[in-house]
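What follows is the content of data.txt, which has compact mmCIF, N, CA and C atoms:
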# COMPACT_ATOMS: atom_id res chain seq x y z
N MET A 29 0.83 -1.19 0.00
CA MET A 29 0.00 0.00 0.00
C MET A 29 0.88 1.25 0.00
N MET A 30 1.96 1.25 0.78
CA MET A 30 2.83 2.40 0.85
C MET A 30 3.48 2.67 -0.50
N MET A 31 3.77 1.64 -1.26
CA MET A 31 4.38 1.79 -2.58
C MET A 31 3.44 2.52 -3.53
N LYS A 32 2.15 2.26 -3.49
CA LYS A 32 1.19 2.93 -4.37
C LYS A 32 1.08 4.41 -4.05
N THR A 33 1.17 4.75 -2.78
CA THR A 33 1.08 6.15 -2.39
C THR A 33 2.28 6.92 -2.95
N LYS A 34 3.46 6.39 -2.85
CA LYS A 34 4.64 7.05 -3.39
C LYS A 34 4.53 7.19 -4.91
N ARG A 35 4.06 6.16 -5.56
CA ARG A 35 3.92 6.20 -7.02
C ARG A 35 2.87 7.25 -7.41
N ALA A 36 1.75 7.30 -6.70
CA ALA A 36 0.72 8.29 -6.99
C ALA A 36 1.24 9.71 -6.75
N ASP A 37 2.02 9.88 -5.69
CA ASP A 37 2.61 11.19 -5.43
C ASP A 37 3.52 11.61 -6.57
N LEU A 38 4.33 10.69 -7.07
CA LEU A 38 5.22 11.00 -8.18
C LEU A 38 4.44 11.34 -9.45
N ILE A 39 3.35 10.64 -9.69
CA ILE A 39 2.53 10.93 -10.87
C ILE A 39 1.91 12.32 -10.77
N VAL A 40 1.41 12.68 -9.60
CA VAL A 40 0.82 14.01 -9.40
C VAL A 40 1.90 15.08 -9.55
N LEU A 41 3.04 14.87 -8.93
CA LEU A 41 4.13 15.82 -9.02
C LEU A 41 4.61 15.98 -10.46
N GLY A 42 4.77 14.89 -11.16
CA GLY A 42 5.19 14.94 -12.56
C GLY A 42 4.18 15.67 -13.43
N THR A 43 2.90 15.43 -13.19
CA THR A 43 1.85 16.12 -13.94
C THR A 43 1.89 17.62 -13.69
N LEU A 44 2.07 18.02 -12.44
CA LEU A 44 2.15 19.45 -12.11
C LEU A 44 3.37 20.11 -12.76
N VAL A 45 4.49 19.41 -12.78
CA VAL A 45 5.69 19.96 -13.41
C VAL A 45 5.47 20.13 -14.91
N ILE A 46 4.86 19.17 -15.55
CA ILE A 46 4.60 19.25 -16.99
C ILE A 46 3.64 20.40 -17.30
N ILE A 47 2.59 20.55 -16.50
CA ILE A 47 1.65 21.65 -16.69
C ILE A 47 2.35 23.00 -16.51
N GLY A 48 3.18 23.11 -15.50
CA GLY A 48 3.92 24.35 -15.26
C GLY A 48 4.85 24.68 -16.42
N LEU A 49 5.56 23.70 -16.94
CA LEU A 49 6.45 23.93 -18.08
C LEU A 49 5.68 24.34 -19.32
N LEU A 50 4.52 23.72 -19.54
CA LEU A 50 3.70 24.10 -20.68
C LEU A 50 3.21 25.54 -20.56
N LEU A 51 2.81 25.96 -19.37
CA LEU A 51 2.37 27.34 -19.17
C LEU A 51 3.50 28.34 -19.43
N VAL A 52 4.70 28.04 -18.94
CA VAL A 52 5.84 28.92 -19.17
C VAL A 52 6.16 28.97 -20.66
N LEU A 53 6.12 27.85 -21.34
CA LEU A 53 6.39 27.80 -22.77
C LEU A 53 5.36 28.63 -23.55
N ILE A 54 4.11 28.51 -23.19
CA ILE A 54 3.05 29.29 -23.85
C ILE A 54 3.27 30.78 -23.64
N LEU A 55 3.63 31.19 -22.42
CA LEU A 55 3.87 32.60 -22.15
C LEU A 55 5.02 33.15 -22.98
N PHE A 56 6.11 32.40 -23.10
CA PHE A 56 7.27 32.87 -23.86
C PHE A 56 7.00 32.89 -25.36
N LEU A 57 6.24 31.92 -25.85
CA LEU A 57 5.98 31.86 -27.28
C LEU A 57 4.98 32.92 -27.74
N THR A 58 4.06 33.31 -26.88
CA THR A 58 3.03 34.27 -27.29
C THR A 58 3.32 35.68 -26.82
N ASP A 59 4.39 35.90 -26.07
CA ASP A 59 4.65 37.21 -25.48
C ASP A 59 4.85 38.31 -26.51
N GLY A 60 5.58 38.05 -27.59
CA GLY A 60 5.85 39.08 -28.56
C GLY A 60 4.86 39.13 -29.71
N ARG A 61 4.05 38.12 -29.88
CA ARG A 61 3.14 38.07 -31.02
C ARG A 61 2.06 39.14 -30.91
N GLY A 62 1.86 39.83 -32.01
CA GLY A 62 0.81 40.84 -32.03
C GLY A 62 1.16 42.09 -31.26
N ALA A 63 2.40 42.21 -30.82
CA ALA A 63 2.78 43.37 -30.03
C ALA A 63 2.97 44.57 -30.95
N ARG A 64 2.81 45.74 -30.34
CA ARG A 64 2.99 46.97 -31.09
C ARG A 64 3.88 47.91 -30.31
N VAL A 65 4.52 48.80 -31.03
CA VAL A 65 5.39 49.81 -30.44
C VAL A 65 4.61 51.12 -30.44
N VAL A 66 4.41 51.68 -29.25
CA VAL A 66 3.65 52.92 -29.12
C VAL A 66 4.62 54.03 -28.72
N VAL A 67 4.60 55.12 -29.50
CA VAL A 67 5.46 56.27 -29.24
C VAL A 67 4.59 57.40 -28.71
N SER A 68 4.99 57.97 -27.57
CA SER A 68 4.28 59.10 -26.99
C SER A 68 5.26 60.25 -26.78
N VAL A 69 4.78 61.46 -27.05
CA VAL A 69 5.57 62.67 -26.80
C VAL A 69 4.73 63.59 -25.94
N GLY A 70 5.26 63.97 -24.80
CA GLY A 70 4.53 64.84 -23.89
C GLY A 70 3.23 64.24 -23.39
N GLY A 71 3.17 62.91 -23.30
CA GLY A 71 1.99 62.23 -22.80
C GLY A 71 0.93 61.93 -23.86
N GLU A 72 1.14 62.32 -25.10
CA GLU A 72 0.19 62.07 -26.18
C GLU A 72 0.78 61.06 -27.16
N GLU A 73 -0.02 60.03 -27.52
CA GLU A 73 0.43 59.05 -28.49
C GLU A 73 0.61 59.74 -29.84
N THR A 74 1.78 59.56 -30.44
CA THR A 74 2.04 60.19 -31.73
C THR A 74 2.21 59.18 -32.85
N ALA A 75 2.54 57.92 -32.53
CA ALA A 75 2.72 56.90 -33.57
C ALA A 75 2.59 55.52 -32.97
N VAL A 76 2.13 54.58 -33.80
CA VAL A 76 2.03 53.18 -33.41
C VAL A 76 2.57 52.34 -34.56
N PHE A 77 3.46 51.40 -34.25
CA PHE A 77 4.04 50.52 -35.25
C PHE A 77 3.87 49.08 -34.80
N SER A 78 3.81 48.18 -35.76
CA SER A 78 3.84 46.75 -35.44
C SER A 78 5.28 46.38 -35.11
N LEU A 79 5.45 45.51 -34.15
CA LEU A 79 6.80 45.06 -33.81
C LEU A 79 7.37 44.18 -34.92
N ASP A 80 6.50 43.72 -35.82
CA ASP A 80 6.93 42.87 -36.92
C ASP A 80 7.45 43.66 -38.12
N GLU A 81 7.13 44.96 -38.20
CA GLU A 81 7.59 45.74 -39.35
C GLU A 81 8.94 46.37 -39.06
N GLU A 82 9.82 46.31 -40.03
CA GLU A 82 11.15 46.89 -39.86
C GLU A 82 11.10 48.33 -40.34
N THR A 83 11.50 49.26 -39.49
CA THR A 83 11.42 50.67 -39.85
C THR A 83 12.40 51.49 -39.03
N GLU A 84 12.64 52.67 -39.52
CA GLU A 84 13.39 53.68 -38.78
C GLU A 84 12.56 54.95 -38.86
N TRP A 85 12.34 55.61 -37.73
CA TRP A 85 11.45 56.77 -37.70
C TRP A 85 12.03 57.83 -36.78
N VAL A 86 11.99 59.08 -37.23
CA VAL A 86 12.49 60.19 -36.43
C VAL A 86 11.35 60.69 -35.54
N ILE A 87 11.60 60.70 -34.25
CA ILE A 87 10.63 61.19 -33.27
C ILE A 87 10.98 62.64 -32.95
N GLU A 88 10.06 63.54 -33.24
CA GLU A 88 10.25 64.95 -32.90
C GLU A 88 9.78 65.14 -31.46
N GLY A 89 10.71 65.12 -30.53
CA GLY A 89 10.37 65.29 -29.12
C GLY A 89 10.31 66.76 -28.75
N ARG A 90 10.10 67.03 -27.48
CA ARG A 90 10.09 68.40 -26.99
C ARG A 90 11.54 68.86 -26.79
N GLY A 91 12.05 69.64 -27.73
CA GLY A 91 13.42 70.15 -27.59
C GLY A 91 14.48 69.32 -28.27
N GLY A 92 14.09 68.30 -29.04
CA GLY A 92 15.10 67.50 -29.73
C GLY A 92 14.50 66.32 -30.46
N CYS A 93 15.37 65.50 -31.04
CA CYS A 93 14.94 64.35 -31.86
C CYS A 93 15.55 63.05 -31.36
N ASN A 94 14.80 61.99 -31.57
CA ASN A 94 15.26 60.64 -31.30
C ASN A 94 14.97 59.82 -32.56
N VAL A 95 15.78 58.82 -32.84
CA VAL A 95 15.54 57.94 -33.98
C VAL A 95 15.15 56.56 -33.45
N LEU A 96 13.92 56.15 -33.77
CA LEU A 96 13.41 54.85 -33.37
C LEU A 96 13.74 53.85 -34.46
N GLU A 97 14.28 52.71 -34.06
CA GLU A 97 14.58 51.63 -35.00
C GLU A 97 13.85 50.38 -34.55
N ILE A 98 13.13 49.74 -35.48
CA ILE A 98 12.46 48.47 -35.21
C ILE A 98 13.04 47.46 -36.19
N ARG A 99 13.57 46.36 -35.62
CA ARG A 99 14.20 45.34 -36.45
C ARG A 99 14.17 44.00 -35.71
N ASP A 100 13.91 42.94 -36.44
CA ASP A 100 13.93 41.57 -35.89
C ASP A 100 13.03 41.41 -34.67
N GLY A 101 11.87 42.09 -34.67
CA GLY A 101 10.93 41.96 -33.56
C GLY A 101 11.36 42.70 -32.30
N LYS A 102 12.29 43.66 -32.44
CA LYS A 102 12.77 44.44 -31.30
C LYS A 102 12.78 45.92 -31.68
N ALA A 103 12.74 46.78 -30.68
CA ALA A 103 12.78 48.22 -30.92
C ALA A 103 13.84 48.85 -30.02
N ARG A 104 14.39 49.97 -30.50
CA ARG A 104 15.37 50.70 -29.70
C ARG A 104 15.42 52.15 -30.18
N ILE A 105 16.00 53.00 -29.36
CA ILE A 105 16.35 54.35 -29.77
C ILE A 105 17.77 54.25 -30.32
N ALA A 106 17.92 54.39 -31.63
CA ALA A 106 19.22 54.22 -32.26
C ALA A 106 20.09 55.47 -32.10
N GLU A 107 19.44 56.65 -32.14
CA GLU A 107 20.17 57.91 -32.00
C GLU A 107 19.33 58.88 -31.21
N ALA A 108 20.01 59.78 -30.49
CA ALA A 108 19.31 60.82 -29.74
C ALA A 108 20.23 62.02 -29.61
N ASP A 109 19.64 63.21 -29.61
CA ASP A 109 20.47 64.40 -29.44
C ASP A 109 20.28 65.03 -28.05
N CYS A 110 19.78 64.24 -27.11
CA CYS A 110 19.67 64.71 -25.74
C CYS A 110 21.05 64.68 -25.08
N PRO A 111 21.23 65.43 -23.99
CA PRO A 111 22.56 65.53 -23.37
C PRO A 111 23.13 64.20 -22.84
N ASP A 112 22.30 63.39 -22.17
CA ASP A 112 22.85 62.19 -21.53
C ASP A 112 22.77 60.93 -22.39
N LYS A 113 21.90 60.91 -23.39
CA LYS A 113 21.73 59.78 -24.32
C LYS A 113 21.43 58.45 -23.60
N LEU A 114 20.81 58.52 -22.43
CA LEU A 114 20.45 57.30 -21.71
C LEU A 114 19.46 56.46 -22.51
N CYS A 115 18.56 57.12 -23.22
CA CYS A 115 17.57 56.39 -24.02
C CYS A 115 18.26 55.56 -25.10
N ALA A 116 19.27 56.10 -25.73
CA ALA A 116 19.99 55.38 -26.78
C ALA A 116 20.82 54.24 -26.20
N ARG A 117 21.24 54.38 -24.97
CA ARG A 117 22.04 53.32 -24.33
C ARG A 117 21.17 52.27 -23.66
N SER A 118 19.85 52.46 -23.67
CA SER A 118 18.93 51.50 -23.02
C SER A 118 18.91 50.15 -23.70
N GLY A 119 19.22 50.13 -24.99
CA GLY A 119 19.24 48.86 -25.72
C GLY A 119 17.89 48.52 -26.31
N TRP A 120 17.75 47.26 -26.68
CA TRP A 120 16.56 46.76 -27.38
C TRP A 120 15.47 46.37 -26.39
N ILE A 121 14.22 46.59 -26.78
CA ILE A 121 13.07 46.09 -26.03
C ILE A 121 12.21 45.26 -26.97
N SER A 122 11.56 44.23 -26.43
CA SER A 122 10.77 43.35 -27.29
C SER A 122 9.56 42.74 -26.59
N ARG A 123 9.46 42.90 -25.30
CA ARG A 123 8.37 42.25 -24.56
C ARG A 123 7.36 43.26 -24.04
N ARG A 124 6.14 42.83 -23.99
CA ARG A 124 5.05 43.66 -23.50
C ARG A 124 5.41 44.24 -22.13
N GLY A 125 5.20 45.54 -21.98
CA GLY A 125 5.49 46.20 -20.71
C GLY A 125 6.84 46.88 -20.65
N GLN A 126 7.75 46.53 -21.55
CA GLN A 126 9.06 47.19 -21.56
C GLN A 126 8.92 48.57 -22.20
N SER A 127 9.77 49.50 -21.76
CA SER A 127 9.71 50.85 -22.33
C SER A 127 11.09 51.50 -22.31
N ILE A 128 11.21 52.53 -23.14
CA ILE A 128 12.41 53.37 -23.17
C ILE A 128 11.93 54.80 -22.96
N LEU A 129 12.60 55.52 -22.08
CA LEU A 129 12.22 56.90 -21.77
C LEU A 129 13.34 57.85 -22.16
N CYS A 130 12.96 58.99 -22.73
CA CYS A 130 13.89 60.09 -22.95
C CYS A 130 13.27 61.28 -22.23
N LEU A 131 13.69 61.51 -21.01
CA LEU A 131 13.10 62.57 -20.19
C LEU A 131 13.32 63.96 -20.76
N PRO A 132 14.53 64.29 -21.27
CA PRO A 132 14.71 65.65 -21.80
C PRO A 132 13.75 65.97 -22.96
N HIS A 133 13.43 64.96 -23.79
CA HIS A 133 12.55 65.19 -24.94
C HIS A 133 11.10 64.78 -24.66
N GLN A 134 10.82 64.28 -23.47
CA GLN A 134 9.49 63.81 -23.07
C GLN A 134 8.97 62.74 -24.01
N VAL A 135 9.84 61.79 -24.37
CA VAL A 135 9.50 60.72 -25.29
C VAL A 135 9.42 59.40 -24.53
N VAL A 136 8.37 58.64 -24.80
CA VAL A 136 8.22 57.30 -24.26
C VAL A 136 7.97 56.34 -25.42
N VAL A 137 8.76 55.28 -25.48
CA VAL A 137 8.57 54.21 -26.46
C VAL A 137 8.26 52.97 -25.65
N GLU A 138 7.10 52.38 -25.87
CA GLU A 138 6.74 51.20 -25.07
C GLU A 138 6.15 50.11 -25.94
N ILE A 139 6.29 48.88 -25.45
CA ILE A 139 5.73 47.71 -26.13
C ILE A 139 4.41 47.39 -25.45
N ARG A 140 3.36 47.31 -26.25
CA ARG A 140 2.03 46.95 -25.74
C ARG A 140 1.51 45.76 -26.52
N ASP A 141 0.63 45.02 -25.88
CA ASP A 141 -0.05 43.92 -26.54
C ASP A 141 -1.05 44.50 -27.52
N GLU A 142 -1.25 43.84 -28.64
CA GLU A 142 -2.19 44.32 -29.66
C GLU A 142 -3.59 44.49 -29.10
N LYS A 143 -3.97 43.62 -28.16
CA LYS A 143 -5.32 43.65 -27.61
C LYS A 143 -5.50 44.72 -26.53
N THR A 144 -4.40 45.18 -25.94
CA THR A 144 -4.48 46.12 -24.83
C THR A 144 -4.77 47.52 -25.36
N GLU A 145 -5.76 48.15 -24.83
CA GLU A 145 -6.08 49.52 -25.19
C GLU A 145 -5.90 50.39 -23.96
N GLY A 146 -5.34 51.56 -24.13
CA GLY A 146 -5.21 52.49 -23.02
C GLY A 146 -4.11 52.10 -22.05
N SER A 147 -4.17 52.67 -20.88
CA SER A 147 -3.13 52.48 -19.88
C SER A 147 -3.43 51.29 -18.99
N ASP A 148 -2.36 50.75 -18.43
CA ASP A 148 -2.49 49.66 -17.49
C ASP A 148 -2.74 50.18 -16.08
N ILE A 149 -2.41 51.43 -15.83
CA ILE A 149 -2.51 52.00 -14.49
C ILE A 149 -3.51 53.15 -14.50
N VAL A 150 -4.36 53.18 -13.51
CA VAL A 150 -5.28 54.29 -13.37
C VAL A 150 -4.91 55.05 -12.12
N ILE A 151 -4.66 56.35 -12.27
CA ILE A 151 -4.27 57.16 -11.14
C ILE A 151 -5.43 58.13 -10.87
N GLY A 152 -5.85 58.18 -9.63
CA GLY A 152 -6.96 59.05 -9.28
C GLY A 152 -6.58 59.91 -8.08
N THR A 153 -7.54 60.66 -7.61
CA THR A 153 -7.30 61.49 -6.43
C THR A 153 -8.03 60.88 -5.26
N ILE A 154 -7.50 61.15 -4.11
CA ILE A 154 -8.11 60.68 -2.87
C ILE A 154 -8.54 61.89 -2.08
N GLN A 155 -9.80 61.90 -1.70
CA GLN A 155 -10.29 63.01 -0.89
C GLN A 155 -10.27 62.63 0.56
N ALA A 156 -9.93 63.58 1.38
CA ALA A 156 -9.91 63.34 2.82
C ALA A 156 -11.35 63.23 3.32
N PRO A 157 -11.56 62.41 4.36
CA PRO A 157 -12.91 62.30 4.94
C PRO A 157 -13.39 63.68 5.40
N GLY A 158 -14.65 63.94 5.17
CA GLY A 158 -15.23 65.21 5.61
C GLY A 158 -15.13 66.29 4.55
N GLY A 159 -14.56 65.94 3.39
CA GLY A 159 -14.52 66.87 2.27
C GLY A 159 -13.41 67.88 2.39
N GLY A 160 -13.50 68.80 3.29
CA GLY A 160 -12.48 69.86 3.43
C GLY A 160 -12.69 70.95 2.40
N SER A 161 -12.53 72.22 2.79
CA SER A 161 -12.77 73.29 1.84
C SER A 161 -11.58 74.10 1.60
Mind turning this structure into structure tokens?
Amino acid sequence: MMMKTKRADLIVLGTLVIIGLLLVLILFLTDGRGARVVVSVGGEETAVFSLDEETEWVIEGRGGCNVLEIRDGKARIAEADCPDKLCARSGWISRRGQSILCLPHQVVVEIRDEKTEGSDIVIGTIQAPGGGS
């Protein structure tokens, strides 16, 4: 009887491991599919590109320019005329939720899922109890 319990435990454990590996595999395989590159300047969306299309585009930021490059399912800021060039040194992004910021030019380049509309975060105000005048 004790032998069957150990065997059943191993079968359950093996099944859970296989299910977990399949879920991780599905997440990695579908993470970049249908993704889009959204460019915002000063908080307003100015351009949207498919992550699958290869392109180079000049972003007219506030006070300067950045060059967006999309290649091989990845995006990056290839050139920037901002003082610190941190955005250009950020490297490639390819997964949903990743972003590149250029604070001097107020430019945001982010990867979003094709199905996702709008922002992921909602920021509101909190009023103190009793209203207050």
Problem set entry | Pick from A:Ala103, A:Leu129, A:Gln134, A:Arg140, whichever lies nearest to Glu72 in chain A using all atoms listed in the file |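 When distances to Glu72 in chain A are compared using all atoms listed in the file, the smallest one comes from A:Gln134.
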Exercise. What's the 8 Å shell around Glu107 in chain A, counting only C-alpha atoms, without same-chain residues fewer than 6 positions away, as a PyMOL selection string?
Worked result: chain A and resi 94-96+116
For this session: Neighbourhood query: residues within 9 Å of (16.3, 67.4, -31.2), file coordinates, counting only C-alpha atoms; return as a PyMOL selection string.
Result: chain A and resi 87-94+108-110+133
Exercise. At what distance in Å, to one decimal, does CA of Glu73 in chain A lie from atom N of Gly125 in chain A?
Worked result: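 According to the coordinates, atom N of Gly125 in chain A and CA of Glu73 in chain A are separated by 15.7 Å.
Taking all atoms listed in the file into account, Thr83 in chain A lies nearest to A:Ile98 out of the set A:Val67, A:Leu131, A:Ile98, A:Ile39.
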For this session: Would you mind reading off the distance between atom N of Leu50 in chain A and atom N of Ala36 in chain A, one decimal, in Å?
Result: 21.0 Å
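Closest to Lys102 in chain A among A:Leu79, A:Ala63, A:Val45, A:Val137 is A:Leu79, based on all atoms listed in the file.
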Problem set entry | Interatomic distance (Å, one decimal) between atom N of Gly70 in chain A and atom C of Val136 in chain A |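 One can read the atom N of Gly70 in chain A to atom C of Val136 in chain A distance as 8.1 Å.
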For this session: Please give the complete set of residues from range 52-149 of chain A that DSSP, run on the backbone, assigns to strand (DSSP E or B), formatted as a PyMOL selection string.
Result: chain A and resi 64-69+72-78+83-89+92-99+102-108+121+127-130+135-140
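Compared by their closest atoms to Trp85 in chain A, and using only C-alpha atoms, the residues A:Val69, A:Cys115, A:Val40, A:Ile105 rank with A:Ile105 nearest.
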Problem set entry | Selected residue of minimal separation from Asp80 in chain A among A:Gly101, A:Leu114, A:Val66, A:Ile128, counting all atoms listed in the file | A:Gly101
Exercise. Looking only at the backbone, which of the residues in range 41-90 of chain A does DSSP tag as alpha helix (DSSP H), as a PyMOL selection string?
Worked result: chain A and resi 41-58
Okay, now the selection with N, CA and C atoms, as a short mmCIF file (atom, residue, chain, number, x, y, z; two decimals), in the frame of the given file?
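Dumped to part-v3.cif:
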data_model
loop_
_atom_site.label_atom_id
_atom_site.label_comp_id
_atom_site.auth_asym_id
_atom_site.auth_seq_id
_atom_site.Cartn_x
_atom_site.Cartn_y
_atom_site.Cartn_z
N LEU A 41 3.04 14.87 -8.93
CA LEU A 41 4.13 15.82 -9.02
C LEU A 41 4.61 15.98 -10.46
N GLY A 42 4.77 14.89 -11.16
CA GLY A 42 5.19 14.94 -12.56
C GLY A 42 4.18 15.67 -13.43
N THR A 43 2.90 15.43 -13.19
CA THR A 43 1.85 16.12 -13.94
C THR A 43 1.89 17.62 -13.69
N LEU A 44 2.07 18.02 -12.44
CA LEU A 44 2.15 19.45 -12.11
C LEU A 44 3.37 20.11 -12.76
N VAL A 45 4.49 19.41 -12.78
CA VAL A 45 5.69 19.96 -13.41
C VAL A 45 5.47 20.13 -14.91
N ILE A 46 4.86 19.17 -15.55
CA ILE A 46 4.60 19.25 -16.99
C ILE A 46 3.64 20.40 -17.30
N ILE A 47 2.59 20.55 -16.50
CA ILE A 47 1.65 21.65 -16.69
C ILE A 47 2.35 23.00 -16.51
N GLY A 48 3.18 23.11 -15.50
CA GLY A 48 3.92 24.35 -15.26
C GLY A 48 4.85 24.68 -16.42
N LEU A 49 5.56 23.70 -16.94
CA LEU A 49 6.45 23.93 -18.08
C LEU A 49 5.68 24.34 -19.32
N LEU A 50 4.52 23.72 -19.54
CA LEU A 50 3.70 24.10 -20.68
C LEU A 50 3.21 25.54 -20.56
N LEU A 51 2.81 25.96 -19.37
CA LEU A 51 2.37 27.34 -19.17
C LEU A 51 3.50 28.34 -19.43
N VAL A 52 4.70 28.04 -18.94
CA VAL A 52 5.84 28.92 -19.17
C VAL A 52 6.16 28.97 -20.66
N LEU A 53 6.12 27.85 -21.34
CA LEU A 53 6.39 27.80 -22.77
C LEU A 53 5.36 28.63 -23.55
N ILE A 54 4.11 28.51 -23.19
CA ILE A 54 3.05 29.29 -23.85
C ILE A 54 3.27 30.78 -23.64
N LEU A 55 3.63 31.19 -22.42
CA LEU A 55 3.87 32.60 -22.15
C LEU A 55 5.02 33.15 -22.98
N PHE A 56 6.11 32.40 -23.10
CA PHE A 56 7.27 32.87 -23.86
C PHE A 56 7.00 32.89 -25.36
N LEU A 57 6.24 31.92 -25.85
CA LEU A 57 5.98 31.86 -27.28
C LEU A 57 4.98 32.92 -27.74
N THR A 58 4.06 33.31 -26.88
CA THR A 58 3.03 34.27 -27.29
C THR A 58 3.32 35.68 -26.82
#
How big is the axis-aligned box, and where does its centre sit, when it encloses all atoms of range 85-101 of chain A listed in the file and has 4 Å added on every side, reported in Å to one decimal as lines of an AutoDock Vina configuration file?
center_x = 12.8
center_y = 55.8
center_z = -32.3
size_x = 14.0
size_y = 36.7
size_z = 18.9
